[in-house]
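Below is data_36.pdb, holding PDB, C-alpha atoms.
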```pdb
ATOM      1  CA  MET I 999       0.000   0.000   0.000
ATOM      2  CA  ASN I1000       1.242   3.455  -0.790
ATOM      3  CA  GLY I1001      -1.647   5.801  -1.312
ATOM      4  CA  TRP I1002       0.256   8.887  -0.224
ATOM      5  CA  PRO I1003       3.402   9.319  -2.323
ATOM      6  CA  ALA I1004       4.216  12.678  -0.725
ATOM      7  CA  LEU I1005       4.372  11.056   2.711
ATOM      8  CA  GLU I1006       6.496   8.223   1.356
ATOM      9  CA  ARG I1007       8.914  10.720  -0.221
ATOM     10  CA  PHE I1008       9.108  12.773   2.958
ATOM     11  CA  LEU I1009       9.932   9.778   5.147
ATOM     12  CA  ARG I1010      12.434   8.253   2.725
ATOM     13  CA  THR I1011      16.075   8.732   3.809
ATOM     14  CA  ASP I1012      19.220   8.271   1.754
ATOM     15  CA  PRO I1013      22.007   6.362   3.528
ATOM     16  CA  ARG I1014      24.589   8.332   1.517
ATOM     17  CA  ASP I1015      23.388  11.594   3.125
ATOM     18  CA  VAL I1016      26.419  13.074   4.940
ATOM     19  CA  GLY I1017      24.424  15.472   7.110
ATOM     20  CA  CYS I1018      24.654  19.230   7.542
ATOM     21  CA  THR I1019      28.067  19.507   9.195
ATOM     22  CA  GLU I1020      29.955  17.638   6.493
ATOM     23  CA  ALA I1021      27.975  19.291   3.695
ATOM     24  CA  MET I1022      28.579  22.775   5.070
ATOM     25  CA  GLU I1023      32.268  22.088   5.551
ATOM     26  CA  LEU I1024      32.737  21.297   1.868
ATOM     27  CA  LEU I1025      30.038  23.486   0.343
ATOM     28  CA  HIS I1026      32.543  25.978  -1.140
ATOM     29  CA  VAL I1027      34.339  23.122  -2.920
ATOM     30  CA  TYR I1028      31.111  21.506  -4.102
ATOM     31  CA  VAL I1029      29.616  24.746  -5.382
ATOM     32  CA  GLU I1030      32.683  25.514  -7.527
ATOM     33  CA  LEU I1031      32.386  22.086  -9.129
ATOM     34  CA  VAL I1032      28.716  22.727  -9.850
ATOM     35  CA  ALA I1033      29.511  26.146 -11.319
ATOM     36  CA  ALA I1034      32.198  24.556 -13.499
ATOM     37  CA  ASP I1035      29.844  21.712 -14.484
ATOM     38  CA  ALA I1036      32.489  19.310 -13.160
ATOM     39  CA  ALA I1037      30.459  16.288 -12.013
ATOM     40  CA  ALA I1038      29.992  17.566  -8.460
ATOM     41  CA  ALA I1039      27.332  14.990  -7.565
ATOM     42  CA  ARG I1040      29.464  12.115  -8.832
ATOM     43  CA  ARG I1041      32.497  13.269  -6.849
ATOM     44  CA  TYR I1042      30.523  14.070  -3.719
ATOM     45  CA  PRO I1043      27.469  11.793  -3.703
ATOM     46  CA  GLY I1044      26.947  12.263   0.020
ATOM     47  CA  ILE I1045      26.669  16.026  -0.342
ATOM     48  CA  ALA I1046      24.399  15.705  -3.365
ATOM     49  CA  ALA I1047      22.124  13.367  -1.376
ATOM     50  CA  HIS I1048      22.099  15.781   1.537
ATOM     51  CA  LEU I1049      21.207  18.800  -0.587
ATOM     52  CA  GLN I1050      18.279  16.840  -2.017
ATOM     53  CA  ALA I1051      16.878  16.332   1.476
ATOM     54  CA  CYS I1052      17.897  19.344   3.560
ATOM     55  CA  GLY I1053      16.053  22.569   2.753
ATOM     56  CA  PRO I1054      18.319  24.937   4.723
ATOM     57  CA  CYS I1055      21.539  23.528   3.245
ATOM     58  CA  ALA I1056      20.012  23.557  -0.239
ATOM     59  CA  GLU I1057      19.076  27.204   0.306
ATOM     60  CA  ASP I1058      22.651  28.014   1.368
ATOM     61  CA  PHE I1059      23.943  26.150  -1.679
ATOM     62  CA  GLU I1060      21.707  28.230  -3.972
ATOM     63  CA  GLY I1061      22.863  31.416  -2.276
ATOM     64  CA  LEU I1062      26.524  30.503  -2.556
ATOM     65  CA  LEU I1063      26.137  29.478  -6.178
ATOM     66  CA  ALA I1064      24.456  32.810  -6.956
ATOM     67  CA  ALA I1065      27.251  34.638  -5.115
ATOM     68  CA  ILE I1066      30.109  33.037  -7.003
ATOM     69  CA  ARG I1067      28.325  33.363 -10.344
ATOM     70  CA  ASP I1068      27.481  37.012  -9.817
ATOM     71  CA  PRO I1069      29.389  38.613  -6.927
ATOM     72  CA  ALA I1070      28.107  42.024  -7.965
ATOM     73  CA  GLY I1071      24.618  40.837  -7.024
TER
ATOM     74  CA  MET F1432      24.316   9.758   7.458
ATOM     75  CA  GLY F1433      22.290   6.902   8.795
ATOM     76  CA  THR F1434      25.508   5.299   9.943
ATOM     77  CA  ALA F1435      28.431   7.655   9.382
ATOM     78  CA  ASP F1436      29.759  10.343   7.095
ATOM     79  CA  HIS F1437      30.394   9.231   3.541
ATOM     80  CA  PRO F1438      34.154   8.615   3.503
ATOM     81  CA  ALA F1439      34.548   9.367  -0.200
ATOM     82  CA  ASP F1440      33.328  12.885   0.443
ATOM     83  CA  ARG F1441      36.301  13.596   2.702
ATOM     84  CA  THR F1442      39.123  11.721   1.066
ATOM     85  CA  SER F1443      38.546  13.145  -2.400
ATOM     86  CA  VAL F1444      39.366  16.678  -1.235
ATOM     87  CA  VAL F1445      42.771  17.799  -2.401
ATOM     88  CA  SER F1446      44.673  20.916  -1.404
ATOM     89  CA  PRO F1447      46.231  22.383  -4.524
ATOM     90  CA  GLN F1448      48.463  25.429  -4.577
ATOM     91  CA  LEU F1449      46.576  28.666  -4.195
ATOM     92  CA  ASP F1450      45.527  30.509  -7.320
ATOM     93  CA  PRO F1451      47.116  33.988  -7.588
ATOM     94  CA  ASP F1452      44.024  35.896  -6.390
ATOM     95  CA  SER F1453      43.553  33.636  -3.379
ATOM     96  CA  ALA F1454      47.259  33.823  -2.530
ATOM     97  CA  GLU F1455      47.050  37.614  -2.649
ATOM     98  CA  TRP F1456      44.039  37.628  -0.318
ATOM     99  CA  VAL F1457      45.843  35.415   2.176
ATOM    100  CA  ARG F1458      49.062  37.415   1.902
ATOM    101  CA  THR F1459      47.420  40.786   2.474
ATOM    102  CA  LEU F1460      45.076  39.581   5.209
ATOM    103  CA  THR F1461      48.039  38.149   7.119
ATOM    104  CA  SER F1462      50.213  41.229   6.606
ATOM    105  CA  PHE F1463      50.410  44.185   8.976
ATOM    106  CA  GLY F1464      49.463  47.834   9.158
ATOM    107  CA  ALA F1465      47.860  49.719   6.293
ATOM    108  CA  GLU F1466      48.103  46.837   3.838
ATOM    109  CA  ARG F1467      46.119  44.535   6.113
ATOM    110  CA  GLU F1468      43.604  47.243   6.952
ATOM    111  CA  ALA F1469      43.008  47.869   3.257
ATOM    112  CA  ALA F1470      42.513  44.149   2.620
ATOM    113  CA  VAL F1471      40.074  43.844   5.521
ATOM    114  CA  ALA F1472      38.117  46.855   4.262
ATOM    115  CA  ARG F1473      38.000  45.403   0.743
ATOM    116  CA  LEU F1474      36.842  42.043   2.071
ATOM    117  CA  HIS F1475      34.152  43.672   4.188
ATOM    118  CA  GLU F1476      32.883  45.573   1.172
ATOM    119  CA  LEU F1477      32.713  42.326  -0.796
ATOM    120  CA  LEU F1478      30.963  40.462   2.014
ATOM    121  CA  LEU F1479      28.432  43.239   2.465
ATOM    122  CA  ARG F1480      27.568  43.095  -1.232
ATOM    123  CA  ILE F1481      27.054  39.336  -1.026
ATOM    124  CA  ALA F1482      25.044  39.640   2.203
ATOM    125  CA  ARG F1483      22.742  42.251   0.692
ATOM    126  CA  GLY F1484      22.186  40.127  -2.398
ATOM    127  CA  GLU F1485      21.471  37.047  -0.304
ATOM    128  CA  ALA F1486      19.141  38.907   2.057
ATOM    129  CA  ARG F1487      17.215  40.223  -0.945
ATOM    130  CA  ARG F1488      17.068  36.728  -2.446
ATOM    131  CA  ARG F1489      15.596  35.356   0.791
ATOM    132  CA  SER F1490      13.459  38.370   1.707
ATOM    133  CA  ARG F1491      10.231  36.473   1.001
ATOM    134  CA  GLN F1492      11.007  34.209   4.001
ATOM    135  CA  LEU F1493      11.690  37.209   6.199
ATOM    136  CA  ARG F1494       8.696  39.454   5.786
ATOM    137  CA  VAL F1495      11.029  42.425   6.228
ATOM    138  CA  THR F1496      12.365  44.965   3.785
ATOM    139  CA  GLY F1497      14.248  48.230   3.692
ATOM    140  CA  PRO F1498      16.457  49.311   6.579
ATOM    141  CA  GLU F1499      15.781  46.190   8.680
ATOM    142  CA  LEU F1500      16.861  43.931   5.831
ATOM    143  CA  ASP F1501      19.958  46.042   5.266
ATOM    144  CA  ASP F1502      20.733  45.899   8.991
ATOM    145  CA  LEU F1503      20.586  42.106   8.861
ATOM    146  CA  ALA F1504      22.965  42.123   5.891
ATOM    147  CA  TYR F1505      25.321  44.488   7.694
ATOM    148  CA  GLN F1506      25.438  42.297  10.791
ATOM    149  CA  ALA F1507      25.961  39.185   8.666
ATOM    150  CA  ALA F1508      28.873  40.802   6.815
ATOM    151  CA  ALA F1509      30.475  41.993  10.067
ATOM    152  CA  ASP F1510      30.152  38.587  11.747
ATOM    153  CA  ALA F1511      31.395  36.803   8.624
ATOM    154  CA  LEU F1512      34.444  39.075   8.521
ATOM    155  CA  LEU F1513      35.280  38.159  12.112
ATOM    156  CA  GLY F1514      34.857  34.473  11.318
ATOM    157  CA  ILE F1515      37.034  34.646   8.221
ATOM    158  CA  THR F1516      39.880  36.584   9.790
ATOM    159  CA  GLY F1517      39.765  34.303  12.822
ATOM    160  CA  LYS F1518      39.882  31.136  10.741
ATOM    161  CA  LEU F1519      42.196  32.233   7.962
ATOM    162  CA  GLY F1520      44.622  29.484   8.939
ATOM    163  CA  GLN F1521      41.936  26.919   8.105
ATOM    164  CA  PHE F1522      41.716  27.992   4.450
ATOM    165  CA  ARG F1523      43.371  25.109   2.627
ATOM    166  CA  GLY F1524      43.025  26.286  -0.940
ATOM    167  CA  GLU F1525      40.425  23.663  -1.898
ATOM    168  CA  SER F1526      38.525  26.453  -3.631
ATOM    169  CA  ARG F1527      39.099  30.080  -4.493
ATOM    170  CA  PHE F1528      39.478  32.212  -1.395
ATOM    171  CA  THR F1529      36.373  34.208  -2.269
ATOM    172  CA  SER F1530      34.189  31.060  -2.510
ATOM    173  CA  TRP F1531      35.393  30.018   0.937
ATOM    174  CA  ALA F1532      34.785  33.525   2.290
ATOM    175  CA  TYR F1533      31.328  33.872   0.711
ATOM    176  CA  LYS F1534      30.308  30.684   2.479
ATOM    177  CA  PHE F1535      30.762  32.426   5.826
ATOM    178  CA  VAL F1536      28.498  35.294   4.913
ATOM    179  CA  ILE F1537      25.837  33.054   3.352
ATOM    180  CA  PHE F1538      25.746  31.013   6.585
ATOM    181  CA  GLU F1539      25.514  34.191   8.658
ATOM    182  CA  VAL F1540      22.541  35.433   6.630
ATOM    183  CA  SER F1541      20.933  32.015   7.030
ATOM    184  CA  THR F1542      21.415  31.956  10.803
ATOM    185  CA  LYS F1543      20.113  35.491  11.236
ATOM    186  CA  ILE F1544      17.016  34.725   9.196
ATOM    187  CA  GLY F1545      16.413  31.696  11.433
ATOM    188  CA  ARG F1546      16.540  33.851  14.544
ATOM    189  CA  HIS F1547      14.341  36.470  12.907
ATOM    190  CA  PHE F1548      11.495  33.931  12.549
ATOM    191  CA  TRP F1549      10.745  34.161  16.278
ATOM    192  CA  ARG F1550      10.062  37.897  16.163
ATOM    193  CA  ASN F1551       6.734  37.129  14.550
ATOM    194  CA  PRO F1552       6.112  33.357  14.624
ATOM    195  CA  SER F1553       3.093  32.181  12.666
ATOM    196  CA  VAL F1554       2.351  29.347  15.096
ATOM    197  CA  PRO F1555       3.360  28.430  18.689
ATOM    198  CA  LEU F1556       6.213  25.947  18.978
ATOM    199  CA  ASP F1557       4.126  23.355  20.820
ATOM    200  CA  ALA F1558       0.899  23.563  18.793
ATOM    201  CA  GLU F1559      -0.131  20.283  17.206
ATOM    202  CA  ASP F1560      -2.716  20.172  14.438
ATOM    203  CA  TRP F1561      -2.575  16.962  12.405
ATOM    204  CA  ASP F1562      -5.130  18.342   9.933
ATOM    205  CA  ARG F1563      -2.327  20.502   8.573
ATOM    206  CA  LEU F1564      -0.277  17.484   7.485
ATOM    207  CA  PRO F1565      -1.555  17.365   3.857
ATOM    208  CA  ASP F1566      -0.767  21.061   3.410
ATOM    209  CA  ARG F1567       2.678  20.598   4.878
ATOM    210  CA  LEU F1568       3.444  17.697   2.558
ATOM    211  CA  GLY F1569       1.960  19.472  -0.425
ATOM    212  CA  SER F1570      -0.591  16.811  -1.349
ATOM    213  CA  GLN F1571      -2.885  14.159   0.067
ATOM    214  CA  PRO F1572      -4.253  10.765  -0.968
ATOM    215  CA  ALA F1573      -7.121  10.704  -3.442
ATOM    216  CA  GLN F1574      -9.393   8.969  -0.933
ATOM    217  CA  GLU F1575     -10.433  10.683   2.304
ATOM    218  CA  SER F1576     -10.533   7.308   4.081
ATOM    219  CA  GLU F1577      -6.917   6.642   3.072
ATOM    220  CA  LEU F1578      -5.861  10.052   4.368
ATOM    221  CA  ARG F1579      -7.476   9.296   7.734
ATOM    222  CA  GLU F1580      -5.965   5.820   7.944
ATOM    223  CA  LEU F1581      -2.407   6.950   7.080
ATOM    224  CA  THR F1582      -2.563  10.038   9.279
ATOM    225  CA  ASP F1583      -3.773   7.972  12.230
ATOM    226  CA  ALA F1584      -1.054   5.360  11.676
ATOM    227  CA  LEU F1585       1.625   8.057  11.451
ATOM    228  CA  ARG F1586       0.302   9.801  14.535
ATOM    229  CA  ARG F1587       0.325   6.560  16.529
ATOM    230  CA  ALA F1588       3.920   5.923  15.463
ATOM    231  CA  VAL F1589       4.968   9.481  16.339
ATOM    232  CA  ASP F1590       3.318   9.212  19.774
ATOM    233  CA  SER F1591       4.542   5.753  20.670
ATOM    234  CA  GLU F1592       7.848   5.196  18.867
ATOM    235  CA  LEU F1593       9.693   8.508  18.744
ATOM    236  CA  THR F1594      11.769   9.799  21.621
ATOM    237  CA  GLN F1595      10.533  12.953  23.310
ATOM    238  CA  ARG F1596      13.133  15.034  21.455
ATOM    239  CA  GLN F1597      12.325  13.414  18.089
ATOM    240  CA  ARG F1598       8.627  14.037  18.670
ATOM    241  CA  GLN F1599       9.213  17.684  19.614
ATOM    242  CA  VAL F1600      11.268  18.291  16.486
ATOM    243  CA  PHE F1601       8.861  16.390  14.223
ATOM    244  CA  VAL F1602       5.826  18.331  15.470
ATOM    245  CA  ALA F1603       7.577  21.694  15.213
ATOM    246  CA  ILE F1604       8.935  21.178  11.713
ATOM    247  CA  VAL F1605       6.304  18.997  10.058
ATOM    248  CA  LEU F1606       3.041  20.095  11.665
ATOM    249  CA  ASN F1607       3.860  23.649  12.677
ATOM    250  CA  GLY F1608       6.079  24.527   9.728
ATOM    251  CA  VAL F1609       8.862  25.955  11.884
ATOM    252  CA  PRO F1610      11.966  26.353   9.698
ATOM    253  CA  LEU F1611      14.750  23.993  10.765
ATOM    254  CA  GLU F1612      17.196  26.854  11.273
ATOM    255  CA  ALA F1613      14.677  28.717  13.443
ATOM    256  CA  LEU F1614      14.026  25.622  15.534
ATOM    257  CA  ALA F1615      17.749  25.138  16.069
ATOM    258  CA  ALA F1616      18.032  28.730  17.318
ATOM    259  CA  GLU F1617      15.040  28.342  19.641
ATOM    260  CA  LEU F1618      16.277  25.076  21.146
ATOM    261  CA  GLY F1619      19.869  26.294  21.496
ATOM    262  CA  SER F1620      20.960  23.562  19.107
ATOM    263  CA  THR F1621      22.549  23.424  15.673
ATOM    264  CA  ARG F1622      21.155  22.850  12.213
ATOM    265  CA  GLY F1623      23.131  19.616  11.929
ATOM    266  CA  ALA F1624      21.844  18.250  15.238
ATOM    267  CA  ILE F1625      18.208  19.043  14.431
ATOM    268  CA  TYR F1626      18.575  17.569  10.941
ATOM    269  CA  LYS F1627      20.011  14.368  12.435
ATOM    270  CA  ILE F1628      17.087  14.102  14.854
ATOM    271  CA  MET F1629      14.641  14.495  11.948
ATOM    272  CA  PHE F1630      16.619  12.083   9.787
ATOM    273  CA  ASP F1631      16.455   9.378  12.461
ATOM    274  CA  ALA F1632      12.769  10.089  13.111
ATOM    275  CA  ARG F1633      11.897   9.851   9.416
ATOM    276  CA  ARG F1634      13.799   6.590   9.043
ATOM    277  CA  LYS F1635      12.132   5.102  12.112
ATOM    278  CA  LEU F1636       8.634   6.195  11.071
ATOM    279  CA  ARG F1637       9.113   4.894   7.553
ATOM    280  CA  ALA F1638      10.217   1.497   8.821
ATOM    281  CA  ILE F1639       7.210   1.282  11.155
ATOM    282  CA  LEU F1640       4.700   2.260   8.473
ATOM    283  CA  ALA F1641       6.293  -0.152   5.984
ATOM    284  CA  ALA F1642       6.245  -3.004   8.519
ATOM    285  CA  SER F1643       2.554  -2.313   9.122
ATOM    286  CA  GLY F1644       1.826  -2.361   5.399
ATOM    287  CA  TYR F1645       1.011   1.328   5.119
ATOM    288  CA  LEU F1646       4.019   2.070   2.884
ATOM    289  CA  ASP F1647       5.951  -0.050   0.409
ATOM    290  CA  ASP F1648       9.344  -1.411   1.437
ATOM    291  CA  ASP F1649      12.204   1.014   0.892
ATOM    292  CA  PRO F1650      13.971  -0.219  -2.276
ATOM    293  CA  SER F1651      17.315   1.190  -1.077
ATOM    294  CA  ARG F1652      17.256  -1.182   1.902
ATOM    295  CA  ARG F1653      16.840  -4.332  -0.168
ATOM    296  CA  SER F1654      19.998  -6.397  -0.435
TER
END
```
Can you dump the structure from the file as structure tokens?
Amino acid sequence: MNGWPALERFLRTDPRDVGCTEAMELLHVYVELVAADAAAARRYPGIAAHLQACGPCAEDFEGLLAAIRDPAG
Amino acid sequence: MGTADHPADRTSVVSPQLDPDSAEWVRTLTSFGAEREAAVARLHELLLRIARGEARRRSRQLRVTGPELDDLAYQAAADALLGITGKLGQFRGESRFTSWAYKFVIFEVSTKIGRHFWRNPSVPLDAEDWDRLPDRLGSQPAQESELRELTDALRRAVDSELTQRQRQVFVAIVLNGVPLEALAAELGSTRGAIYKIMFDARRKLRAILAASGYLDDDPSRRS
């Protein structure tokens, strides 16, 4: 039975997820790889999994990506 | 995260030689007198620009504009500058210096927005309205009876299987819509600690609902 896909998605966890501390520690490295289109998710699957699941870290990632792409704002 | 940090994510980091711009930042920020002061002023100007841009980008979450938003950006830039100059020795050249530095100011904006939530919270921390669950998840089952059955099963699992701390965090984030960062600030905790509590709670609840036949088995757990 799975009549509520949104609930199933919300409760699903990814064992590769490194958590906030590890993701934040390497976010500046990860974001440069993303900006350079350099297979960031393949090199850092644990960070990619975390950013899929953690709203605050994903928001920080988007902010950092915007900052390095356009520092003038 | 369920067990430990992903080792590949640490070991694949290399520390190359600094690029010329980054080397110049490090050199001037570790110099003395007027040269250092000029570098600090230039870095602050850069951080303030990034903080303002980030605060504007997130302003919809804040419900503030104008001078208050600029004040938040100013504080974020000032705190980020302190963090950067205090941790300069930790910059290992894994990225450009500016990417590393921008991370500080982005995190500061994020933390300050989290604290700002409690100036005008939309719901008390300990409220508990399970009827909000479909809205929080963004959709609901097609059948009303299925919604009731799944909500009741989830509620029973939350009440009986989660620890007190897991339950508190689950209710605040899922039912009350408290942002994770704001909850961390309110509980005197960290984003990482609250995320871990939610991660463990989600995994436990999923296993219980799957064992009871309410959800399908998690494919990632099949050997």
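Shortest atom-to-atom contact with I:Leu1009 among I:Leu1062, I:Ala1070, I:Ala1051, I:Leu1025: I:Ala1051, counting all atoms listed in the file.
Counting from atom CA of F:Leu1568, the distance to atom CA of I:Thr1019 is 25.6 Å.
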When distances are computed from all atoms listed in the file, which of I:Glu1023, I:Glu1060, I:Asp1068, I:Asp1015 shows the smallest separation from chain F? I:Asp1015
Check: which chain I residues lie within 7 Å of chain F using only C-alpha atoms, as a PyMOL selection string: chain I and resi 999-1002+1004-1006+1009-1011+1013-1019+1026-1027+1042+1044+1054+1058+1061-1062+1065-1066+1069-1071
Resulting file, chosen residues, C-alpha atoms, as a PDB file, in the frame of the given file:
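Done, and the output landed in part-v9.pdb:
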```
ATOM      1  CA  MET I 999       0.000   0.000   0.000  1.00  0.00           C
ATOM      2  CA  ASN I1000       1.242   3.455  -0.790  1.00  0.00           C
ATOM      3  CA  GLY I1001      -1.647   5.801  -1.312  1.00  0.00           C
ATOM      4  CA  TRP I1002       0.256   8.887  -0.224  1.00  0.00           C
ATOM      5  CA  ALA I1004       4.216  12.678  -0.725  1.00  0.00           C
ATOM      6  CA  LEU I1005       4.372  11.056   2.711  1.00  0.00           C
ATOM      7  CA  GLU I1006       6.496   8.223   1.356  1.00  0.00           C
ATOM      8  CA  LEU I1009       9.932   9.778   5.147  1.00  0.00           C
ATOM      9  CA  ARG I1010      12.434   8.253   2.725  1.00  0.00           C
ATOM     10  CA  THR I1011      16.075   8.732   3.809  1.00  0.00           C
ATOM     11  CA  PRO I1013      22.007   6.362   3.528  1.00  0.00           C
ATOM     12  CA  ARG I1014      24.589   8.332   1.517  1.00  0.00           C
ATOM     13  CA  ASP I1015      23.388  11.594   3.125  1.00  0.00           C
ATOM     14  CA  VAL I1016      26.419  13.074   4.940  1.00  0.00           C
ATOM     15  CA  GLY I1017      24.424  15.472   7.110  1.00  0.00           C
ATOM     16  CA  CYS I1018      24.654  19.230   7.542  1.00  0.00           C
ATOM     17  CA  THR I1019      28.067  19.507   9.195  1.00  0.00           C
ATOM     18  CA  HIS I1026      32.543  25.978  -1.140  1.00  0.00           C
ATOM     19  CA  VAL I1027      34.339  23.122  -2.920  1.00  0.00           C
ATOM     20  CA  TYR I1042      30.523  14.070  -3.719  1.00  0.00           C
ATOM     21  CA  GLY I1044      26.947  12.263   0.020  1.00  0.00           C
ATOM     22  CA  PRO I1054      18.319  24.937   4.723  1.00  0.00           C
ATOM     23  CA  ASP I1058      22.651  28.014   1.368  1.00  0.00           C
ATOM     24  CA  GLY I1061      22.863  31.416  -2.276  1.00  0.00           C
ATOM     25  CA  LEU I1062      26.524  30.503  -2.556  1.00  0.00           C
ATOM     26  CA  ALA I1065      27.251  34.638  -5.115  1.00  0.00           C
ATOM     27  CA  ILE I1066      30.109  33.037  -7.003  1.00  0.00           C
ATOM     28  CA  PRO I1069      29.389  38.613  -6.927  1.00  0.00           C
ATOM     29  CA  ALA I1070      28.107  42.024  -7.965  1.00  0.00           C
ATOM     30  CA  GLY I1071      24.618  40.837  -7.024  1.00  0.00           C
TER      31      GLY I1071
END
```
Within 10 Å of F:Val1471, counting all atoms listed in the file, which residues qualify if same-chain residues fewer than 2 places away don't, as a ChimeraX atom specification? /F:1456,1459-1461,1465-1469,1473-1477,1512-1513,1516
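Nearest-residue note for F:Ala1509: choosing from F:Ala1472, F:Gln1492, F:Arg1596, F:Leu1606, the minimum distance belongs to F:Ala1472, counting all atoms listed in the file.
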So what do you get for atom CA of I:Ala1033 versus atom CA of I:Leu1049, distance-wise? 15.4 Å
Identify the residues around (4.4, 25.8, 21.6) within a radius of 12 Å, measuring from all atoms listed in the file in the coordinates stated by the file, and give them as an NGL selection string. :F and (1549 or 1552-1560 or 1599-1600 or 1602-1604 or 1606-1607 or 1609 or 1614 or 1617-1618)
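A straight line drawn from atom CA of F:Leu1519 to atom CA of F:Val1457 is 7.5 Å long.
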Set up a box along x, y and z of the file covering all listed atoms of stretch 1525-1539 of chain F, add 8 Å on every one of the six sides, and write the centre and edge lengths in Å to one decimal, as lines of an AutoDock Vina configuration file.
```
center_x = 33.0
center_y = 29.5
center_z = 2.1
size_x = 30.9
size_y = 27.6
size_z = 29.2
```
Between I:Pro1003, I:Ala1034, I:Pro1043, I:Ala1021, smallest distance to I:Phe1059 by only C-alpha atoms belongs to I:Ala1021
